Amino acid sequence: MMQQRPPMGWNTWNTFGPNIDAKTICENADLIVSLGLKDAGYDYIVIDDGWALEDRDEQGRLVPDPKKFPNGMKAVADYVHAKGLKFGMYTCSGSLTCEKTQPGSYDHEYVDAKSFAEWEVDFLKFDFCNRTPIIPGKYLFRRMGAALANSGREILFSACSWGSEKTHEWVKTTGASMWRSTVDIANSFESIKKLTLKQLELLPYNGHGCFNDMDMLVVGMNNDSFIDGTMGTNGCTLAEQKTHFSIWSMFGSPLMIGCDLRLISKDALEILTNKEAIAINQDATYSQPYRLVCGGRSDERLVFARLLSNGDFAVGIFNLTDEPFRFTFGTDEMGVPTHCGKTLAAKEVWTGEEPKLHSGMFNEEVEAHGCRLYRCRVIDA
Ligand code: GLA
């Protein structure tokens with residue numbers, strides 16, 4: 001089925017790495033419901049790397065680690081489904097997964113897709129480590145895409161090749177509904193900045209059917225994420241987390257929560273459940289965000305606009321620099337020139353503030369690493 005909106009959910013990797021088990025997953029699934037996250041749109045519970053034994057069984061199938069999943073995988077799927085949520089899993093296009101503790105699906109794509117269908121999996125993340133250098137990535141992703149499409153179950157295919165081998169040029173040939181357009185996120189503003197800047201050239205490839213995935217969110221993560229060199233530990237301030245969530249919303253990335261919901265603060269939960277930001281992310285017409293001229297030369301001062309399905313605009317100001325900056329920019333570039341008698345009524349998503357535009361110009365001082373995210377109505381000037 002054609003994917004109409006960026007998928008939303010929760011994934012084990014950012015906080016737990018390979019240290020996962022059924023209990024942790026089910027407790028987080030409980031909280032997705034009880035904290036109101038399901039109502040906000042988060043409906044996939046995804047188990048990342050580290051769930052299988054080192055060896056396949058005698059029929060060549062992957063085996064869930066019985067220490068971590070004592071009742072098997074179908075039991076976890078049943079638990080998740082009983083909550084009205086969808087169930088996701090992970091494997092890899094290479095002979096081993098990225099963590100190297102379990103086999104990848106190389107040359108076992110059809111067998112594994114069958115297991116996933118039997119366990120009633122709804123979502124599969126497919127990674128790119130430890131692959132054979134003699135087969136192009138696109139062939140490997142097409143294999144799993146075809147295997148899933150023939151598994152007898154509708155399984156959303158989440159491609160994770162980090163944008164390598166020019167993924168954007170071929171990913172839509174694989175049946176994927178989302179594709180990782182970035183390297184792995186770390187729990188730092190530096191990382192958020194790096195992923196954002198990398199994304200700018202890839203925005204034309206985002207859209208219905210297959211969404212650019214900027215990686216799982218670090219909102220709500222404490223400094224206790226697993227450490228194996230992948231996930232940094234310096235963390236982000238709340239203001240930085242808002243900027244992160246605003247960018248992912250504005251750019252239409254899948255929103256996959258990466259924190260331990262048992263430890264989430266009220267403030268972080270408020271970020272993840274902000275209705276207006278989510279509405280921008282999930283807007284039915286995924287129209288491409290575009291950059292506006294905003295004064296100042298730095299590449300790290302970004303203003304983006306996006307036309308929404310009801311004729312409103314989303315406007316995001318993202319100050320990725322380490323200095324405050326006064327952003328001034330007009331609405332002409334958005335197709336709303338004041339001399340045609342129109343202007344915008346703006347409402348800020350996080351504060352509810354309604355700044356007045358003068359002669360069709362925004363004029364906002366934004367703190368270092370801060371943002372403004374507006375929903376704007378077109379009104380008579
Ligand atoms: C890669 C992916 C991550 C995560 C890990 C698991 O690094 O990009 O998102 O799935 O593998 O090992």
# chains A, B, ... in the order shown; residues from 1 in each chain; ligands from 1
call {"tool": "closest_atom_pairs", "arguments": {"of": "chain A", "to": "ligand 1", "cutoff": "8 Å", "atoms": "only C-alpha atoms and all ligand atoms", "output": "JSON lines"}}
result
{"residue": "A:Trp13", "atom": "CA", "partner": "ligand 1", "partner_atom_place_in_ligand_line": "4 (C)", "distance": 6.0}
{"residue": "A:Asn14", "atom": "CA", "partner": "ligand 1", "partner_atom_place_in_ligand_line": "9 (O)", "distance": 7.8}
{"residue": "A:Gly17", "atom": "CA", "partner": "ligand 1", "partner_atom_place_in_ligand_line": "6 (C)", "distance": 7.0}
{"residue": "A:Pro18", "atom": "CA", "partner": "ligand 1", "partner_atom_place_in_ligand_line": "12 (O)", "distance": 7.3}
{"residue": "A:Asp48", "atom": "CA", "partner": "ligand 1", "partner_atom_place_in_ligand_line": "10 (O)", "distance": 5.7}
{"residue": "A:Asp49", "atom": "CA", "partner": "ligand 1", "partner_atom_place_in_ligand_line": "6 (C)", "distance": 4.7}
{"residue": "A:Gly50", "atom": "CA", "partner": "ligand 1", "partner_atom_place_in_ligand_line": "12 (O)", "distance": 7.5}
{"residue": "A:Tyr90", "atom": "CA", "partner": "ligand 1", "partner_atom_place_in_ligand_line": "10 (O)", "distance": 7.4}
{"residue": "A:Thr97", "atom": "CA", "partner": "ligand 1", "partner_atom_place_in_ligand_line": "12 (O)", "distance": 6.3}
{"residue": "A:Cys98", "atom": "CA", "partner": "ligand 1", "partner_atom_place_in_ligand_line": "12 (O)", "distance": 4.1}
{"residue": "A:Glu99", "atom": "CA", "partner": "ligand 1", "partner_atom_place_in_ligand_line": "12 (O)", "distance": 4.3}
{"residue": "A:Lys100", "atom": "CA", "partner": "ligand 1", "partner_atom_place_in_ligand_line": "12 (O)", "distance": 7.7}
{"residue": "A:Lys125", "atom": "CA", "partner": "ligand 1", "partner_atom_place_in_ligand_line": "10 (O)", "distance": 7.7}
{"residue": "A:Asp127", "atom": "CA", "partner": "ligand 1", "partner_atom_place_in_ligand_line": "2 (C)", "distance": 6.2}
{"residue": "A:Phe128", "atom": "CA", "partner": "ligand 1", "partner_atom_place_in_ligand_line": "1 (C)", "distance": 7.4}
{"residue": "A:Cys129", "atom": "CA", "partner": "ligand 1", "partner_atom_place_in_ligand_line": "1 (C)", "distance": 7.3}
{"residue": "A:Cys160", "atom": "CA", "partner": "ligand 1", "partner_atom_place_in_ligand_line": "8 (O)", "distance": 6.2}
{"residue": "A:Ser161", "atom": "CA", "partner": "ligand 1", "partner_atom_place_in_ligand_line": "8 (O)", "distance": 7.3}
{"residue": "A:Trp162", "atom": "CA", "partner": "ligand 1", "partner_atom_place_in_ligand_line": "8 (O)", "distance": 6.5}
{"residue": "A:Arg180", "atom": "CA", "partner": "ligand 1", "partner_atom_place_in_ligand_line": "8 (O)", "distance": 7.8}
{"residue": "A:Val183", "atom": "CA", "partner": "ligand 1", "partner_atom_place_in_ligand_line": "8 (O)", "distance": 6.4}
{"residue": "A:Asp184", "atom": "CA", "partner": "ligand 1", "partner_atom_place_in_ligand_line": "8 (O)", "distance": 5.1}
{"residue": "A:Ile185", "atom": "CA", "partner": "ligand 1", "partner_atom_place_in_ligand_line": "9 (O)", "distance": 7.9}
{"residue": "A:Asp215", "atom": "CA", "partner": "ligand 1", "partner_atom_place_in_ligand_line": "9 (O)", "distance": 6.8}
{"residue": "A:Met216", "atom": "CA", "partner": "ligand 1", "partner_atom_place_in_ligand_line": "9 (O)", "distance": 7.5}
{"residue": "A:Thr230", "atom": "CA", "partner": "ligand 1", "partner_atom_place_in_ligand_line": "7 (O)", "distance": 7.3}
call {"tool": "select_by_dssp", "arguments": {"residues": "segment 66-158 of chain A", "states": "strand (DSSP E)", "output": "ChimeraX atom specification"}}
result
/A:86-92,123-127,156-158
call {"tool": "residues_around", "arguments": {"residues": "Leu320 of chain A", "least_positions_apart": "5", "cutoff": "8 Å", "atoms": "only C-alpha atoms", "output": "PyMOL selection string"}}
result
chain A and resi 193+300-302+368-370
call {"tool": "atom_distance", "arguments": {"atom1": "atom CA of Ser249 of chain A", "atom2": "atom CA of Ile278 of chain A"}}
result
6.4 Å
call {"tool": "select_by_dssp", "arguments": {"residues": "segment 62-229 of chain A", "states": "alpha helix (DSSP H)", "output": "JSON, numbers by chain"}}
result
{"A": [72, 73, 74, 75, 76, 77, 78, 79, 80, 81, 82, 109, 110, 111, 112, 113, 114, 115, 116, 117, 118, 137, 138, 139, 140, 141, 142, 143, 144, 145, 146, 147, 148, 149, 167, 168, 169, 170, 189, 190, 191, 192, 193, 194, 195, 196, 197, 198, 199]}
call {"tool": "residues_around", "arguments": {"residues": "segment 339-351 of chain A", "least_positions_apart": "6", "cutoff": "8 Å", "atoms": "only C-alpha atoms", "output": "count of residues only"}}
result
16
call {"tool": "closest_residue", "arguments": {"among": "A:Val33, A:Leu308, A:Ile135, A:Met144", "to": "Val111 of chain A", "atoms": "only C-alpha atoms"}}
result
A:Met144
